[in-house]
Amino acid sequence: MEVPILKQRNYLIASVQAVLTDQDLVTLRDRLVAQVGRYRSVGVILDVTGLDVMDSFSVRTLRDMAHMIRLRGADTVIVGIQPEVAFSMVQLGLSLEGVPTALDLEEGLAYLDARPKRTSVGPPAGSR
Amino acid sequence: MNRPVNPPQSGSATEGKLDDKAVIPIRTVMDIVTARQHGRELALQSGFSETESTLIATIISELARNIVLYAQTGEIVLGKANGSENQHGVIIISRDNGPGIPDVQRALVGGYSTSGGLGLGLCGVRRMVDEFYIDTGTDKGTTVTAKKWLQ
Amino acid sequence: MADNKGKGRDRTLQPEMSGNVGSPNDESHAEVLRELVAHLRQNRTQLREVWASRIMSARFLTAMTNEEIMAEASSVYDNYLGALETGSIEALEAYARDLSERIIPRGVETHEVVGIVLLLRDVLARSLFAKYGQNQQLLTRVLDAYEPAANRIATTVAVGFVQERERIIRQQQEAIRELSTPVLAVRERLLILPIIGILDPQRARQLTEQLLRGIRVNRARVVVMDLTGVPAVDAAVANHLVQTVEAARLVGADVIVTGLAPELAQTLVTIGVDLGKMATVGDLQGGIEEAEKLLGYKVMPITEKNNE
């Protein structure tokens, strides 16, 4: 199922509503990376509230995604990790090290807004 | 779902009764989702908290993914279980006819991080359950049996 | 004089039972049970009195007043007869749970509950002896029907009571654990988690769950976790503290650890924690200031001459 990706200012916001298979997650990753390039976004918020489980595959894919997005000059912040999911992740030793996290969309936006401004690669793409 | 289960190879893994067992064939990544959702339901029904049920679902996800990655097909068996000392909880059996795990000891001692890229996560799984058995070989595939009790 | 709070029964009691006097079977048991239940129901008032007075002389239920004992005695009596009659213990189980829930907070103990049920069994048995004792064969049939039923009732009530007790104890323990690990919302976005006392794995786990919930509810961005009150920690719990910090981060809050005693710091290092990665500050006060800085607050001192 396709996860909707929204543009807000020069950020991209993707909200996972339901359970994702491995394939869905990889597709989402690739779409986000592509769109960061297309729209010259400087930040990506991935809301994973709907993810029931984060196992080694999801963690690896999300870390890869953040890395790939970084290479395109944008920051990623992951929001909405549920307490039970966070608990399971640390118990199983799964770490999202190096990827910023925040409570929810609002906090994610605040995080991105608070970063020091950096020169963007080109003029921001047209508004929404 | 009450289909008959072939008993796993190792004797001690079958100690205790098995009620309400479900067998979930694992062939594609979609089946990983099915298995873990079923596992979470079973855990909640058995009396585990939300947090513990998510943990159990995550463990099932890891085991099911190992099947897909290394053996292409296999099955996950889930059920309620009782222990030899009257504990109550769930049993998870992951079974495949794949190539077996070459260096089981190393896989089990891995340390806390599973980010090594192999996706095995067996050492993490082992730490989070109360009983853990693994039977593997090139001729017999891999069977992992894990039991978790209510506290 | 017989109190027929009759469930509409109007049986004539016969001292001699007609029908076969052969070996007992289920149906004949049922028939016998119906007869003796009718007898016990007819003599309800009197038997209940006898029972209540035996309860008091055995000094059971001293936590309750005489009126309360009589009231409960009536309910127990009726439920007892109902269970004898129908053979179904579901209603009895439900009643036993309900009764237990009411009397446990009053301080009634297991031996009292078992005691009064056994007394009732005895009082009713004596009544049956009195009625059917003339005829040996008849008495045997009556007891064959009565005893297993009465014993099952006693077991059901006792087990129900014990289970309810255990449930309440677990609830209380849970409440105590929650009280002992409070999560304090001090300012917007800032939580303080003072940990006091020995941390066992179960408490540590509960602490994590409470903290994560607290972060979401209070929308906290920073948590100051103070370990001043933690005397000693083994490797397992130290590891758990580390996991708590990491889990909090995943949910969206940074954790500042304060009050880390040198021994505790040593344990953490021993288990492989990179203290450089964990934000630590000497004491709680310093931790709060650090947190406020992180949140962008500036604390202004209040001058003494402010008198508006």
# chains A, B, ... in the order shown; residues from 1 in each chain; ligands from 1

$ select_by_dssp --residues "region 68-255 of chain C" --states "helix (DSSP H, G or I)" --output "PyMOL selection string"
chain C and resi 68-86+90-106+110-132+136-180+201-218+235-251

$ write_last_selection --atoms "C-alpha atoms" --output "CSV table (one decimal), in the first residue's frame"
chain,number,residue,atom,x,y,z
C,68,GLU,CA,-23.4,-8.4,58.7
C,69,ILE,CA,-22.7,-12.1,59.5
C,70,MET,CA,-26.4,-12.9,59.3
C,71,ALA,CA,-26.8,-11.1,56.0
C,72,GLU,CA,-23.9,-12.9,54.4
C,73,ALA,CA,-25.0,-16.1,56.0
C,74,SER,CA,-28.3,-15.9,54.2
C,75,SER,CA,-26.7,-15.3,50.9
C,76,VAL,CA,-24.2,-18.0,51.4
C,77,TYR,CA,-26.9,-20.4,52.5
C,78,ASP,CA,-29.1,-19.7,49.5
C,79,ASN,CA,-26.2,-20.0,47.1
C,80,TYR,CA,-25.0,-23.2,48.7
C,81,LEU,CA,-28.4,-24.8,48.3
C,82,GLY,CA,-28.6,-23.5,44.7
C,83,ALA,CA,-25.3,-25.1,43.9
C,84,LEU,CA,-26.4,-28.4,45.6
C,85,GLU,CA,-29.5,-28.4,43.6
C,86,THR,CA,-28.4,-27.5,40.2
C,90,GLU,CA,-20.8,-21.1,38.0
C,91,ALA,CA,-23.2,-19.1,40.0
C,92,LEU,CA,-21.4,-20.1,43.1
C,93,GLU,CA,-18.1,-19.2,41.7
C,94,ALA,CA,-19.4,-15.8,40.8
C,95,TYR,CA,-20.8,-15.4,44.2
C,96,ALA,CA,-17.6,-16.5,45.8
C,97,ARG,CA,-15.6,-14.0,43.9
C,98,ASP,CA,-18.1,-11.2,44.8
C,99,LEU,CA,-18.1,-12.2,48.4
C,100,SER,CA,-14.3,-12.3,48.5
C,101,GLU,CA,-14.0,-8.9,46.9
C,102,ARG,CA,-16.2,-7.5,49.7
C,103,ILE,CA,-14.8,-9.3,52.7
C,104,ILE,CA,-11.1,-9.3,51.9
C,105,PRO,CA,-10.7,-5.5,52.5
C,106,ARG,CA,-12.5,-6.2,55.9
C,110,THR,CA,-8.6,-17.7,54.3
C,111,HIS,CA,-9.0,-20.0,57.3
C,112,GLU,CA,-12.2,-18.2,58.3
C,113,VAL,CA,-13.8,-18.6,54.9
C,114,VAL,CA,-12.9,-22.2,54.7
C,115,GLY,CA,-14.0,-22.6,58.3
C,116,ILE,CA,-17.5,-21.2,57.8
C,117,VAL,CA,-18.2,-23.2,54.6
C,118,LEU,CA,-17.2,-26.4,56.4
C,119,LEU,CA,-19.4,-25.4,59.3
C,120,LEU,CA,-22.3,-25.0,57.0
C,121,ARG,CA,-21.6,-28.3,55.5
C,122,ASP,CA,-21.6,-29.9,58.9
C,123,VAL,CA,-24.7,-28.2,60.1
C,124,LEU,CA,-26.6,-29.3,57.0
C,125,ALA,CA,-25.2,-32.8,57.3
C,126,ARG,CA,-26.4,-33.1,60.9
C,127,SER,CA,-29.8,-32.0,59.8
C,128,LEU,CA,-29.8,-34.7,57.2
C,129,PHE,CA,-28.7,-37.3,59.8
C,130,ALA,CA,-31.6,-36.2,62.0
C,131,LYS,CA,-34.1,-36.6,59.2
C,132,TYR,CA,-32.9,-39.7,57.4
C,136,GLN,CA,-29.6,-46.8,57.2
C,137,GLN,CA,-29.9,-47.5,53.5
C,138,LEU,CA,-31.7,-44.2,52.9
C,139,LEU,CA,-29.1,-42.3,54.9
C,140,THR,CA,-26.3,-43.8,52.8
C,141,ARG,CA,-28.0,-42.8,49.6
C,142,VAL,CA,-28.5,-39.3,50.9
C,143,LEU,CA,-24.9,-38.9,52.0
C,144,ASP,CA,-23.7,-40.4,48.7
C,145,ALA,CA,-25.5,-37.6,47.0
C,146,TYR,CA,-24.7,-34.9,49.5
C,147,GLU,CA,-21.0,-35.4,50.3
C,148,PRO,CA,-19.4,-35.0,46.8
C,149,ALA,CA,-21.6,-32.0,46.1
C,150,ALA,CA,-20.9,-30.3,49.5
C,151,ASN,CA,-17.1,-30.9,49.1
C,152,ARG,CA,-17.0,-29.4,45.7
C,153,ILE,CA,-18.8,-26.4,47.0
C,154,ALA,CA,-16.3,-26.0,49.8
C,155,THR,CA,-13.4,-26.3,47.4
C,156,THR,CA,-15.0,-23.8,45.0
C,157,VAL,CA,-15.5,-21.2,47.6
C,158,ALA,CA,-12.0,-21.6,49.1
C,159,VAL,CA,-10.3,-21.5,45.8
C,160,GLY,CA,-12.3,-18.5,44.7
C,161,PHE,CA,-11.3,-16.7,47.9
C,162,VAL,CA,-7.7,-17.5,47.5
C,163,GLN,CA,-7.6,-16.4,43.9
C,164,GLU,CA,-9.3,-13.2,44.7
C,165,ARG,CA,-6.8,-12.5,47.5
C,166,GLU,CA,-3.9,-13.1,45.2
C,167,ARG,CA,-5.4,-10.8,42.6
C,168,ILE,CA,-5.8,-8.0,45.2
C,169,ILE,CA,-2.3,-8.5,46.4
C,170,ARG,CA,-0.9,-8.2,42.9
C,171,GLN,CA,-2.9,-5.0,42.4
C,172,GLN,CA,-1.5,-3.5,45.6
C,173,GLN,CA,2.0,-4.4,44.7
C,174,GLU,CA,1.5,-2.8,41.3
C,175,ALA,CA,0.2,0.3,43.0
C,176,ILE,CA,3.1,0.5,45.3
C,177,ARG,CA,5.5,0.1,42.5
C,178,GLU,CA,3.9,2.9,40.6
C,179,LEU,CA,4.0,5.2,43.6
C,180,SER,CA,7.6,4.5,44.2
C,201,PRO,CA,14.6,-6.0,37.0
C,202,GLN,CA,10.8,-5.9,37.3
C,203,ARG,CA,10.8,-2.4,38.8
C,204,ALA,CA,13.3,-1.2,36.2
C,205,ARG,CA,11.0,-2.5,33.5
C,206,GLN,CA,8.0,-0.8,35.1
C,207,LEU,CA,10.0,2.4,35.4
C,208,THR,CA,10.8,2.4,31.7
C,209,GLU,CA,7.2,1.9,30.8
C,210,GLN,CA,6.0,4.7,33.1
C,211,LEU,CA,8.7,7.0,31.7
C,212,LEU,CA,7.8,6.3,28.1
C,213,ARG,CA,4.2,6.9,28.8
C,214,GLY,CA,5.0,10.0,30.7
C,215,ILE,CA,7.1,11.4,27.8
C,216,ARG,CA,4.1,11.0,25.5
C,217,VAL,CA,1.5,12.4,27.9
C,218,ASN,CA,3.6,15.4,28.9
C,235,ALA,CA,25.1,-5.2,35.7
C,236,ALA,CA,21.7,-6.3,34.6
C,237,VAL,CA,20.0,-3.3,36.0
C,238,ALA,CA,22.7,-0.9,34.8
C,239,ASN,CA,22.1,-2.3,31.4
C,240,HIS,CA,18.4,-1.7,31.9
C,241,LEU,CA,19.0,1.9,32.7
C,242,VAL,CA,21.0,2.3,29.5
C,243,GLN,CA,18.1,0.8,27.6
C,244,THR,CA,15.7,3.2,29.3
C,245,VAL,CA,17.8,6.1,28.1
C,246,GLU,CA,17.8,4.8,24.6
C,247,ALA,CA,14.1,3.9,24.5
C,248,ALA,CA,13.3,7.4,25.7
C,249,ARG,CA,15.3,8.8,22.9
C,250,LEU,CA,13.5,6.7,20.4
C,251,VAL,CA,10.2,8.0,21.7

$ closest_atom_pairs --of "region 33-142 of chain B" --to "region 69-85 of chain A" --cutoff "10 Å" --atoms "only C-alpha atoms" --output "JSON lines"
{"residue": "B:Ser49", "atom": "CA", "partner": "A:Glu84", "partner_atom": "CA", "distance": 9.4}
{"residue": "B:Glu50", "atom": "CA", "partner": "A:Glu84", "partner_atom": "CA", "distance": 6.7}
{"residue": "B:Thr51", "atom": "CA", "partner": "A:Glu84", "partner_atom": "CA", "distance": 4.4}
{"residue": "B:Glu52", "atom": "CA", "partner": "A:Glu84", "partner_atom": "CA", "distance": 7.7}
{"residue": "B:Ser53", "atom": "CA", "partner": "A:Glu84", "partner_atom": "CA", "distance": 8.5}
{"residue": "B:Thr54", "atom": "CA", "partner": "A:Glu84", "partner_atom": "CA", "distance": 6.1}
{"residue": "B:Leu55", "atom": "CA", "partner": "A:Val85", "partner_atom": "CA", "distance": 7.5}
{"residue": "B:Ala57", "atom": "CA", "partner": "A:Val85", "partner_atom": "CA", "distance": 9.9}
{"residue": "B:Thr58", "atom": "CA", "partner": "A:Val85", "partner_atom": "CA", "distance": 8.5}

$ write_last_selection --atoms "N, CA and C atoms" --output "JSON list (two decimals), in the first residue's frame"
[["chain", "number", "residue", "atom", "x", "y", "z"],
["B", 49, "SER", "N", 1.25, -8.18, 28.50],
["B", 49, "SER", "CA", 0.93, -6.76, 28.37],
["B", 49, "SER", "C", 1.18, -6.32, 26.92],
["B", 50, "GLU", "N", 0.73, -5.10, 26.62],
["B", 50, "GLU", "CA", 0.96, -4.53, 25.29],
["B", 50, "GLU", "C", 2.45, -4.57, 24.95],
["B", 51, "THR", "N", 3.25, -4.14, 25.92],
["B", 51, "THR", "CA", 4.69, -4.09, 25.69],
["B", 51, "THR", "C", 5.27, -5.47, 25.41],
["B", 52, "GLU", "N", 4.92, -6.42, 26.24],
["B", 52, "GLU", "CA", 5.46, -7.77, 26.03],
["B", 52, "GLU", "C", 4.95, -8.36, 24.73],
["B", 53, "SER", "N", 3.70, -8.06, 24.39],
["B", 53, "SER", "CA", 3.15, -8.61, 23.15],
["B", 53, "SER", "C", 3.87, -8.04, 21.95],
["B", 54, "THR", "N", 4.24, -6.77, 22.03],
["B", 54, "THR", "CA", 5.00, -6.19, 20.93],
["B", 54, "THR", "C", 6.37, -6.85, 20.83],
["B", 55, "LEU", "N", 6.95, -7.12, 21.98],
["B", 55, "LEU", "CA", 8.25, -7.80, 22.00],
["B", 55, "LEU", "C", 8.14, -9.16, 21.33],
["B", 57, "ALA", "N", 5.90, -10.12, 19.19],
["B", 57, "ALA", "CA", 5.66, -9.93, 17.76],
["B", 57, "ALA", "C", 6.96, -9.63, 17.04],
["B", 58, "THR", "N", 7.81, -8.84, 17.67],
["B", 58, "THR", "CA", 9.09, -8.50, 17.04],
["B", 58, "THR", "C", 9.98, -9.73, 16.91]]

$ atom_distance --atom1 "CA of Lys7 (chain A)" --atom2 "CA of Met54 (chain A)"
25.3 Å

$ interface_residues --of "chain A" --to "chain C" --cutoff "6 Å" --atoms "only C-alpha atoms" --output "ChimeraX atom specification"
/A:81,83,86-87,90,101-103

$ write_last_selection --atoms "N, CA and C atoms" --output "tab-separated table (two decimals), in the first residue's frame"
chain	number	residue	atom	x	y	z
A	81	ILE	N	7.44	6.85	17.30
A	81	ILE	CA	7.74	5.47	17.74
A	81	ILE	C	6.98	5.23	19.03
A	83	PRO	N	5.77	3.60	22.59
A	83	PRO	CA	6.52	3.08	23.75
A	83	PRO	C	6.80	1.59	23.68
A	86	ALA	N	9.45	1.00	21.08
A	86	ALA	CA	10.76	1.47	21.53
A	86	ALA	C	11.36	0.48	22.53
A	87	PHE	N	10.53	0.04	23.44
A	87	PHE	CA	10.96	-0.91	24.46
A	87	PHE	C	11.49	-2.19	23.83
A	90	VAL	N	14.94	-1.67	22.09
A	90	VAL	CA	16.15	-1.62	22.91
A	90	VAL	C	16.42	-2.97	23.55
A	101	THR	N	15.23	11.55	16.45
A	101	THR	CA	13.84	11.15	16.67
A	101	THR	C	13.13	12.27	17.41
A	102	ALA	N	11.82	12.28	17.30
A	102	ALA	CA	11.02	13.25	18.04
A	102	ALA	C	9.67	12.62	18.32
A	103	LEU	N	8.91	13.27	19.18
A	103	LEU	CA	7.67	12.67	19.67
A	103	LEU	C	6.63	12.52	18.56

$ residues_around --residues "region 98-103 of chain B" --least-positions-apart "6" --cutoff "6 Å" --atoms "only C-alpha atoms" --output "number ranges by chain"
B: 71, 136-138, 141-142

$ select_by_dssp --residues "region 47-227 of chain C" --states "strand (DSSP E or B)" --output "count of residues only"
17

$ interface_residues --of "chain A" --to "chain B" --cutoff "9 Å" --atoms "only C-alpha atoms" --output "compact mmCIF listing (two decimals) with N, CA and C atoms, in the first residue's frame"
# COMPACT_ATOMS: atom_id res chain seq x y z
N VAL A 19 0.28 -1.22 8.79
CA VAL A 19 1.41 -2.12 8.81
C VAL A 19 2.08 -2.18 7.44
N LEU A 20 3.41 -2.16 7.41
CA LEU A 20 4.14 -2.21 6.15
C LEU A 20 4.89 -3.52 6.02
N THR A 21 4.87 -4.07 4.82
CA THR A 21 5.72 -5.24 4.59
C THR A 21 7.11 -4.73 4.26
N ASP A 22 8.05 -5.65 4.18
CA ASP A 22 9.42 -5.28 3.83
C ASP A 22 9.45 -4.49 2.53
N GLN A 23 8.70 -5.00 1.57
CA GLN A 23 8.70 -4.38 0.26
C GLN A 23 8.16 -2.95 0.33
N ASP A 52 3.51 -1.41 13.78
CA ASP A 52 3.26 -2.24 14.97
C ASP A 52 4.57 -2.80 15.53
N VAL A 53 5.54 -2.95 14.67
CA VAL A 53 6.77 -3.61 15.09
C VAL A 53 7.93 -2.99 14.33
N MET A 54 9.07 -2.80 15.00
CA MET A 54 10.27 -2.38 14.28
C MET A 54 11.31 -3.44 14.53
N ASP A 55 11.59 -4.23 13.53
CA ASP A 55 12.57 -5.30 13.73
C ASP A 55 13.86 -4.92 13.03
N SER A 56 14.78 -5.87 12.92
CA SER A 56 16.11 -5.53 12.40
C SER A 56 16.03 -5.01 10.98
N PHE A 57 15.08 -5.51 10.21
CA PHE A 57 14.96 -5.06 8.83
C PHE A 57 14.50 -3.60 8.76
N VAL A 59 14.71 -1.33 11.01
CA VAL A 59 15.72 -0.45 11.56
C VAL A 59 16.82 -0.21 10.54
N ARG A 60 17.25 -1.27 9.88
CA ARG A 60 18.31 -1.14 8.90
C ARG A 60 17.86 -0.27 7.73
N PRO A 83 5.77 3.60 22.59
CA PRO A 83 6.52 3.08 23.75
C PRO A 83 6.80 1.59 23.68
N GLU A 84 5.79 0.79 23.31
CA GLU A 84 6.02 -0.66 23.27
C GLU A 84 7.06 -1.01 22.22
N VAL A 85 7.00 -0.30 21.10
CA VAL A 85 7.94 -0.59 20.03
C VAL A 85 9.35 -0.17 20.46
N PHE A 87 10.53 0.04 23.44
CA PHE A 87 10.96 -0.91 24.46
C PHE A 87 11.49 -2.19 23.83
N SER A 88 10.72 -2.73 22.89
CA SER A 88 11.16 -3.96 22.23
C SER A 88 12.46 -3.76 21.49
N MET A 89 12.58 -2.62 20.83
CA MET A 89 13.79 -2.36 20.07
C MET A 89 15.02 -2.37 20.96
N GLN A 91 15.38 -3.70 23.86
CA GLN A 91 15.60 -5.02 24.46
C GLN A 91 16.28 -5.96 23.49
N LEU A 92 15.95 -5.83 22.22
CA LEU A 92 16.56 -6.72 21.24
C LEU A 92 17.84 -6.13 20.68
N GLY A 93 18.24 -4.99 21.23
CA GLY A 93 19.50 -4.41 20.79
C GLY A 93 19.44 -3.74 19.44
N LEU A 94 18.25 -3.32 19.02
CA LEU A 94 18.13 -2.65 17.74
C LEU A 94 18.29 -1.16 17.97
N SER A 95 19.22 -0.56 17.29
CA SER A 95 19.47 0.85 17.56
C SER A 95 19.25 1.70 16.32

$ atom_distance --atom1 "CA of Asn97 (chain B)" --atom2 "CA of Ala35 (chain B)"
18.1 Å
